[in-house]
Amino acid sequence: MSTILIAVFVAGIALTIILSRMGRSDEIARWRFLAYKACSIYLLISIGLEGGTKVGEQGLMAVLDTGIISIVVSTIIFFIAYTLLTRFTQFSDQTRISWAAHQGSVSVGTYAAAIAIFTESGIAVNPLSAAWLVLMEVPAIIVGLIFLSRTGNSSGGFKKLLFDRSILIMTGMLIVGYFFGSATKDFWQPIFDGTAFYVVLSFFLFEMGRKAGKYIKKLGQDSLPIIGFGLVFPLLFGSLGLAICALYGLPMNDVAMFGVLFASASYVLATAVMESVCSEKAAVALSLTASLGVTLPFNLLVGIRLYQWVAVHLTAETEASTYISFAMLGIVALITFIAFSPFGLLGGVERTVNAEANGGD
């Protein structure tokens with residue numbers, strides 16, 4: 001089934017590019033747009049209910065330690081991404097903040113695809129991961145808004161974040177699942193499980209492929225930094241999450257899912273919030289190009305299975321696996337240290353970029 005999901009995602013990308021080469025418009029029909037929104041709501045409800053029910057069965061303390069890991073590492077990811085972009089690119093400050101916020105947040109589509117791939121591989125997905133998903137969506141965006149507040153008003157962004165549809169639905173379903181999930185499970189589980197879930201996810205990924213294709217078309221010779229960091233970031237932050245969780249002693253399935261979540265990048269919530277506060281339209285356009293055009297396809301085609309494979313070896317309970325985990329953390333720390341060198345962020349170098357040359361419309 002996971003092969004079919006990846007195939008429909010690739011088909012969506014290919015269709016968009018082919019239509020573009022033929023000179024045909026790729027404007028989405030209203031019924032398709034409504035169906036896509038309905039599918040996204042379905043997935044949010046399904047994930048939220050499962051996670052809330054599991055939290056209700058195990059108690060809030062069951063998600064306390066992993067919840068703290070989710071929040072802390074998501075925040076760290078923002079700072080590392082911002083530092084690396086400052087050290088090694090000439091993007092404007094708003095672009096670096098927006099991109100770091102996108103990278104520090106998470107992708108619901110990547111998470112849903114990981115559920116399907118892990119399940120097919122015989123890996124039991126922890127329903128508590130739905131709570132991690134919610135907790136990881138917000139911290140990097142909040143830090144980004146704080147950074148942006150240095151040069152302008154970010155109150156509109158906080159309002160957008162507070163009343164975002166996906167946050168409200170996921171949080172609401174977690175609460176409903178927590179209090180009523182166990183008692184009503186026989187009613188809602190058949191609706192949000194099995195074949196129905198995969199059919200909805202297939203259409204959702206097809207439309208995501210169509211959207212990704214639009215941003216892939218924007219990539220050209222002057223987009224090497226976007227492609228480079230769009231590939232490096234998921235590998236770097238996926239490694240960070242895998243190593244931390246393996247050293248903490250989490251089971252393999254949880255380590256693999258954390259690797260997926262930390263490697264993913266937002267393309268919905270972070271985009272909506274940053275668009276409401278960034279005065280540079282190109283800043284958000286570039287961030288979305290990297291997230292949808294590079295990071296999302298990489299994670300779906302290669303990343304998810306790669307993080308799963310690494311998680312298996314990191315949790316093998318051997319001396320070598322511990323050394324590998326520390327080595328992965330060391331690599332991330334070394335790269336960050338280089339970025340913090342006197343010639344980078346601490347040197348106070350002001351970097352600017354021509355907005356049109358870097359993704360502006």
# chains A, B, ... in the order shown; residues from 1 in each chain; ligands from 1
$ closest_atom_pairs --of "segment 87-196 of chain A" --to "segment 306-321 of chain A" --cutoff "12 Å" --atoms "only C-alpha atoms" --output "tab-separated table"
residue	atom	partner	partner_atom	distance
A:Ala114	CA	A:Gln308	CA	9.4
A:Ile115	CA	A:Gln308	CA	11.5
A:Ile117	CA	A:Gln308	CA	9.6
A:Phe118	CA	A:Gln308	CA	8.0
A:Thr119	CA	A:Gln308	CA	11.6
A:Ser121	CA	A:Gln308	CA	9.6
A:Gly122	CA	A:Gln308	CA	11.4
A:Ile123	CA	A:Gln308	CA	9.3
A:Val125	CA	A:Gln308	CA	11.7
$ write_last_selection --atoms "N, CA and C atoms" --output "compact mmCIF listing (two decimals), in the first residue's frame"
# COMPACT_ATOMS: atom_id res chain seq x y z
N ALA A 114 3.94 8.43 6.96
CA ALA A 114 4.79 7.58 7.80
C ALA A 114 3.96 6.52 8.51
N ILE A 115 2.76 6.88 8.93
CA ILE A 115 1.87 5.90 9.57
C ILE A 115 1.63 4.73 8.62
N ILE A 117 3.42 3.77 5.95
CA ILE A 117 4.65 3.04 5.64
C ILE A 117 5.09 2.18 6.81
N PHE A 118 5.04 2.73 8.02
CA PHE A 118 5.45 1.96 9.20
C PHE A 118 4.50 0.79 9.44
N THR A 119 3.21 1.03 9.29
CA THR A 119 2.23 -0.04 9.51
C THR A 119 2.45 -1.18 8.53
N SER A 121 5.20 -2.00 7.22
CA SER A 121 6.46 -2.65 7.57
C SER A 121 6.37 -3.44 8.87
N GLY A 122 5.19 -3.46 9.48
CA GLY A 122 5.01 -4.20 10.72
C GLY A 122 5.44 -3.44 11.96
N ILE A 123 5.62 -2.12 11.83
CA ILE A 123 6.01 -1.29 12.96
C ILE A 123 4.76 -0.66 13.57
N VAL A 125 2.68 1.94 15.22
CA VAL A 125 2.78 3.38 15.42
C VAL A 125 2.13 3.75 16.75
$ residues_around --residues "Cys39 of chain A" --least-positions-apart "2" --cutoff "9 Å" --atoms "only C-alpha atoms" --output "ChimeraX atom specification"
/A:34-37,41-44,200-201,203-204
$ residues_around --residues "Val72 of chain A" --least-positions-apart "6" --cutoff "10 Å" --atoms "only C-alpha atoms" --output "NGL selection string"
:A and (66 or 135-136 or 139-140)
$ write_last_selection --atoms "N, CA and C atoms" --output "PDB file, in the first residue's frame"
ATOM      1  N   THR A  66       8.079  12.667  26.482  1.00  0.00           N
ATOM      2  CA  THR A  66       8.191  12.824  25.030  1.00  0.00           C
ATOM      3  C   THR A  66       7.651  14.177  24.580  1.00  0.00           C
ATOM      4  N   LEU A 135       2.251  19.293  19.571  1.00  0.00           N
ATOM      5  CA  LEU A 135       3.220  20.049  20.361  1.00  0.00           C
ATOM      6  C   LEU A 135       4.368  20.590  19.510  1.00  0.00           C
ATOM      7  N   MET A 136       4.703  19.894  18.439  1.00  0.00           N
ATOM      8  CA  MET A 136       5.839  20.301  17.619  1.00  0.00           C
ATOM      9  C   MET A 136       5.465  21.326  16.552  1.00  0.00           C
ATOM     10  N   PRO A 139       6.162  25.609  18.590  1.00  0.00           N
ATOM     11  CA  PRO A 139       7.295  26.311  19.202  1.00  0.00           C
ATOM     12  C   PRO A 139       8.161  27.113  18.236  1.00  0.00           C
ATOM     13  N   ALA A 140       8.574  26.523  17.116  1.00  0.00           N
ATOM     14  CA  ALA A 140       9.453  27.223  16.177  1.00  0.00           C
ATOM     15  C   ALA A 140       8.758  28.434  15.574  1.00  0.00           C
TER      16      ALA A 140
END
$ select_by_dssp --residues "segment 220-347 of chain A" --states "alpha helix (DSSP H)" --output "PyMOL selection string"
chain A and resi 224-248+252-263+269-277+281-290+296-298+304-314+319-339
$ closest_atom_pairs --of "segment 174-237 of chain A" --to "segment 83-106 of chain A" --cutoff "12 Å" --atoms "only C-alpha atoms" --output "tab-separated table"
residue	atom	partner	partner_atom	distance
A:Ser223	CA	A:Thr89	CA	11.5
A:Leu224	CA	A:Thr89	CA	10.6
A:Pro225	CA	A:Thr89	CA	7.3
A:Ile226	CA	A:Thr89	CA	9.7
A:Gly228	CA	A:Thr89	CA	10.9
A:Phe229	CA	A:Leu85	CA	8.4
A:Gly230	CA	A:Gln103	CA	9.2
A:Leu231	CA	A:Gln103	CA	11.4
A:Val232	CA	A:Leu84	CA	10.7
A:Phe233	CA	A:Gln103	CA	7.6
A:Pro234	CA	A:Gln103	CA	8.3
A:Leu235	CA	A:Gln103	CA	11.7
A:Leu236	CA	A:Gln103	CA	11.1
A:Phe237	CA	A:Gln103	CA	9.0
$ write_last_selection --atoms "N, CA and C atoms" --output "mmCIF file, in the first residue's frame"
data_model
loop_
_atom_site.group_PDB
_atom_site.id
_atom_site.type_symbol
_atom_site.label_atom_id
_atom_site.label_comp_id
_atom_site.auth_asym_id
_atom_site.auth_seq_id
_atom_site.Cartn_x
_atom_site.Cartn_y
_atom_site.Cartn_z
ATOM 1 N N SER A 223 18.692 28.289 -7.740
ATOM 2 C CA SER A 223 18.015 27.753 -6.558
ATOM 3 C C SER A 223 18.857 26.702 -5.836
ATOM 4 N N LEU A 224 20.157 26.668 -6.101
ATOM 5 C CA LEU A 224 21.011 25.667 -5.458
ATOM 6 C C LEU A 224 20.970 25.737 -3.935
ATOM 7 N N PRO A 225 20.981 26.935 -3.317
ATOM 8 C CA PRO A 225 20.866 26.976 -1.847
ATOM 9 C C PRO A 225 19.550 26.392 -1.347
ATOM 10 N N ILE A 226 18.473 26.615 -2.094
ATOM 11 C CA ILE A 226 17.165 26.083 -1.697
ATOM 12 C C ILE A 226 17.190 24.556 -1.761
ATOM 13 N N GLY A 228 19.898 22.608 -1.800
ATOM 14 C CA GLY A 228 20.896 22.093 -0.862
ATOM 15 C C GLY A 228 20.380 22.030 0.556
ATOM 16 N N PHE A 229 19.871 23.157 1.059
ATOM 17 C CA PHE A 229 19.368 23.160 2.426
ATOM 18 C C PHE A 229 18.065 22.382 2.555
ATOM 19 N N GLY A 230 17.281 22.330 1.477
ATOM 20 C CA GLY A 230 16.057 21.536 1.504
ATOM 21 C C GLY A 230 16.332 20.057 1.677
ATOM 22 N N LEU A 231 17.519 19.603 1.267
ATOM 23 C CA LEU A 231 17.927 18.213 1.452
ATOM 24 C C LEU A 231 18.743 18.017 2.722
ATOM 25 N N VAL A 232 19.581 18.994 3.050
ATOM 26 C CA VAL A 232 20.439 18.871 4.234
ATOM 27 C C VAL A 232 19.629 18.960 5.518
ATOM 28 N N PHE A 233 18.671 19.869 5.573
ATOM 29 C CA PHE A 233 17.909 20.064 6.808
ATOM 30 C C PHE A 233 17.192 18.802 7.282
ATOM 31 N N PRO A 234 16.447 18.092 6.432
ATOM 32 C CA PRO A 234 15.779 16.879 6.944
ATOM 33 C C PRO A 234 16.765 15.817 7.414
ATOM 34 N N LEU A 235 17.897 15.686 6.711
ATOM 35 C CA LEU A 235 18.902 14.720 7.144
ATOM 36 C C LEU A 235 19.531 15.141 8.478
ATOM 37 N N LEU A 236 19.816 16.428 8.614
ATOM 38 C CA LEU A 236 20.456 16.940 9.825
ATOM 39 C C LEU A 236 19.530 16.844 11.032
ATOM 40 N N PHE A 237 18.304 17.334 10.870
ATOM 41 C CA PHE A 237 17.388 17.376 12.012
ATOM 42 C C PHE A 237 16.739 16.018 12.266
#
$ residues_around --residues "segment 129-133 of chain A" --least-positions-apart "2" --cutoff "8 Å" --atoms "only C-alpha atoms" --output "JSON list (two decimals) with N, CA and C atoms, in the first residue's frame"
[["chain", "number", "residue", "atom", "x", "y", "z"],
["A", 47, "ILE", "N", -6.29, 11.31, 13.27],
["A", 47, "ILE", "CA", -5.06, 11.31, 14.06],
["A", 47, "ILE", "C", -5.31, 11.83, 15.47],
["A", 48, "GLY", "N", -6.11, 12.89, 15.57],
["A", 48, "GLY", "CA", -6.40, 13.48, 16.88],
["A", 48, "GLY", "C", -7.18, 12.54, 17.80],
["A", 50, "GLU", "N", -7.34, 9.20, 17.68],
["A", 50, "GLU", "CA", -6.50, 8.07, 18.08],
["A", 50, "GLU", "C", -5.53, 8.49, 19.18],
["A", 51, "GLY", "N", -4.89, 9.64, 18.99],
["A", 51, "GLY", "CA", -3.94, 10.11, 19.98],
["A", 51, "GLY", "C", -4.59, 10.45, 21.30],
["A", 52, "GLY", "N", -5.73, 11.15, 21.25],
["A", 52, "GLY", "CA", -6.43, 11.53, 22.48],
["A", 52, "GLY", "C", -6.91, 10.31, 23.25],
["A", 63, "VAL", "N", 2.71, 11.07, 28.26],
["A", 63, "VAL", "CA", 3.20, 11.91, 27.17],
["A", 63, "VAL", "C", 4.08, 13.04, 27.67],
["A", 66, "THR", "N", 8.08, 12.67, 26.48],
["A", 66, "THR", "CA", 8.19, 12.82, 25.03],
["A", 66, "THR", "C", 7.65, 14.18, 24.58],
["A", 67, "GLY", "N", 6.67, 14.71, 25.30],
["A", 67, "GLY", "CA", 6.16, 16.04, 24.98],
["A", 67, "GLY", "C", 7.22, 17.10, 25.20],
["A", 70, "SER", "N", 9.64, 16.94, 22.41],
["A", 70, "SER", "CA", 9.07, 17.54, 21.21],
["A", 70, "SER", "C", 9.25, 19.05, 21.19],
["A", 106, "VAL", "N", 6.16, 21.06, 11.75],
["A", 106, "VAL", "CA", 6.04, 19.69, 11.22],
["A", 106, "VAL", "C", 5.01, 19.61, 10.10],
["A", 108, "VAL", "N", 1.90, 17.44, 8.58],
["A", 108, "VAL", "CA", 0.87, 16.44, 8.85],
["A", 108, "VAL", "C", 0.86, 15.39, 7.73],
["A", 125, "VAL", "N", 2.68, 1.94, 15.22],
["A", 125, "VAL", "CA", 2.78, 3.38, 15.42],
["A", 125, "VAL", "C", 2.13, 3.75, 16.75],
["A", 126, "ASN", "N", 2.86, 4.45, 17.58],
["A", 126, "ASN", "CA", 2.35, 4.88, 18.88],
["A", 126, "ASN", "C", 1.33, 6.00, 18.68],
["A", 127, "PRO", "N", 0.05, 5.78, 19.06],
["A", 127, "PRO", "CA", -0.94, 6.84, 18.89],
["A", 127, "PRO", "C", -0.60, 8.12, 19.65],
["A", 135, "LEU", "N", 2.25, 19.29, 19.57],
["A", 135, "LEU", "CA", 3.22, 20.05, 20.36],
["A", 135, "LEU", "C", 4.37, 20.59, 19.51],
["A", 136, "MET", "N", 4.70, 19.89, 18.44],
["A", 136, "MET", "CA", 5.84, 20.30, 17.62],
["A", 136, "MET", "C", 5.47, 21.33, 16.55],
["A", 137, "GLU", "N", 4.19, 21.54, 16.32],
["A", 137, "GLU", "CA", 3.79, 22.48, 15.28],
["A", 137, "GLU", "C", 4.07, 23.93, 15.66],
["A", 174, "LEU", "N", -7.99, 15.74, 20.18],
["A", 174, "LEU", "CA", -7.21, 15.16, 21.27],
["A", 174, "LEU", "C", -7.99, 15.22, 22.58],
["A", 254, "ASP", "N", 9.04, 4.52, 18.27],
["A", 254, "ASP", "CA", 8.97, 5.92, 18.65],
["A", 254, "ASP", "C", 10.17, 6.71, 18.13],
["A", 257, "MET", "N", 9.54, 7.44, 14.45],
["A", 257, "MET", "CA", 8.55, 8.48, 14.23],
["A", 257, "MET", "C", 9.08, 9.86, 14.60],
["A", 261, "LEU", "N", 9.26, 13.18, 12.21],
["A", 261, "LEU", "CA", 8.67, 14.46, 12.59],
["A", 261, "LEU", "C", 9.72, 15.58, 12.60]]
$ residues_around --residues "segment 267-278 of chain A" --least-positions-apart "2" --cutoff "10 Å" --atoms "only C-alpha atoms" --output "PyMOL selection string"
chain A and resi 94-95+97-109+137-138+140-142+144-145+148-149+152-162+164-167+264-265+280-285+287-292+296
$ write_last_selection --atoms "C-alpha atoms" --output "mmCIF file, in the first residue's frame"
data_model
loop_
_atom_site.group_PDB
_atom_site.id
_atom_site.type_symbol
_atom_site.label_atom_id
_atom_site.label_comp_id
_atom_site.auth_asym_id
_atom_site.auth_seq_id
_atom_site.Cartn_x
_atom_site.Cartn_y
_atom_site.Cartn_z
ATOM 1 C CA GLN A 94 12.854 37.663 7.081
ATOM 2 C CA THR A 95 13.602 34.798 4.689
ATOM 3 C CA ILE A 97 13.328 33.482 10.009
ATOM 4 C CA SER A 98 10.463 32.206 7.851
ATOM 5 C CA TRP A 99 12.457 29.207 6.591
ATOM 6 C CA ALA A 100 13.655 28.296 10.102
ATOM 7 C CA ALA A 101 10.048 28.480 11.359
ATOM 8 C CA HIS A 102 8.885 26.206 8.541
ATOM 9 C CA GLN A 103 11.679 23.732 9.257
ATOM 10 C CA GLY A 104 11.133 23.742 13.019
ATOM 11 C CA SER A 105 7.428 22.976 12.602
ATOM 12 C CA VAL A 106 6.038 19.695 11.221
ATOM 13 C CA SER A 107 4.158 18.246 8.257
ATOM 14 C CA VAL A 108 0.874 16.439 8.847
ATOM 15 C CA GLY A 109 1.093 14.898 5.365
ATOM 16 C CA GLU A 137 3.792 22.483 15.276
ATOM 17 C CA VAL A 138 3.949 25.632 17.379
ATOM 18 C CA ALA A 140 9.453 27.223 16.177
ATOM 19 C CA ILE A 141 6.714 29.454 14.778
ATOM 20 C CA ILE A 142 6.429 31.297 18.097
ATOM 21 C CA GLY A 144 10.024 33.080 14.587
ATOM 22 C CA LEU A 145 7.327 35.594 15.517
ATOM 23 C CA LEU A 148 10.178 39.186 13.604
ATOM 24 C CA SER A 149 8.846 41.413 16.392
ATOM 25 C CA GLY A 152 7.741 45.034 13.175
ATOM 26 C CA ASN A 153 4.402 43.991 14.626
ATOM 27 C CA SER A 154 3.866 40.253 14.994
ATOM 28 C CA SER A 155 0.554 40.358 16.867
ATOM 29 C CA GLY A 156 -1.317 39.365 13.716
ATOM 30 C CA GLY A 157 0.831 36.250 13.499
ATOM 31 C CA PHE A 158 0.059 35.213 17.079
ATOM 32 C CA LYS A 159 -3.659 35.648 16.359
ATOM 33 C CA LYS A 160 -3.373 33.547 13.207
ATOM 34 C CA LEU A 161 -1.502 30.873 15.153
ATOM 35 C CA LEU A 162 -4.053 30.819 17.959
ATOM 36 C CA ASP A 164 -5.502 28.176 12.983
ATOM 37 C CA ARG A 165 -7.915 25.520 11.763
ATOM 38 C CA SER A 166 -5.522 22.568 11.925
ATOM 39 C CA ILE A 167 -4.432 23.445 15.476
ATOM 40 C CA SER A 264 9.643 17.204 8.222
ATOM 41 C CA ALA A 265 8.844 20.833 7.489
ATOM 42 C CA GLU A 280 8.632 40.471 2.075
ATOM 43 C CA LYS A 281 6.417 38.220 -0.009
ATOM 44 C CA ALA A 282 9.495 36.457 -1.396
ATOM 45 C CA ALA A 283 10.509 35.341 2.111
ATOM 46 C CA VAL A 284 7.513 33.061 2.535
ATOM 47 C CA ALA A 285 7.550 31.987 -1.127
ATOM 48 C CA SER A 287 10.364 28.938 2.475
ATOM 49 C CA LEU A 288 7.387 27.191 0.890
ATOM 50 C CA THR A 289 9.420 26.275 -2.205
ATOM 51 C CA ALA A 290 11.997 24.577 0.010
ATOM 52 C CA SER A 291 9.369 22.840 2.148
ATOM 53 C CA LEU A 292 7.006 21.661 -0.593
ATOM 54 C CA LEU A 296 8.458 16.949 1.328
#
$ residues_around --residues "Phe206 of chain A" --least-positions-apart "5" --cutoff "6 Å" --atoms "only C-alpha atoms" --output "number ranges by chain"
A: 8-9, 12
$ write_last_selection --atoms "N, CA and C atoms" --output "tab-separated table (two decimals), in the first residue's frame"
chain	number	residue	atom	x	y	z
A	8	VAL	N	1.11	7.70	-6.18
A	8	VAL	CA	0.13	8.75	-6.47
A	8	VAL	C	0.73	10.13	-6.17
A	9	PHE	N	1.61	10.21	-5.19
A	9	PHE	CA	2.29	11.49	-4.92
A	9	PHE	C	3.17	11.88	-6.10
A	12	GLY	N	1.12	13.02	-9.02
A	12	GLY	CA	0.68	14.40	-8.88
A	12	GLY	C	1.75	15.38	-9.32
$ closest_residue --among "A:Val134, A:Met22, A:Thr336, A:Leu5" --to "Val199 of chain A" --atoms "only C-alpha atoms"
A:Leu5
$ atom_distance --atom1 "atom CA of Val260 of chain A" --atom2 "atom CA of Gly59 of chain A"
24.7 Å
$ atom_distance --atom1 "atom CA of Val10 of chain A" --atom2 "atom CA of Ile304 of chain A"
15.3 Å
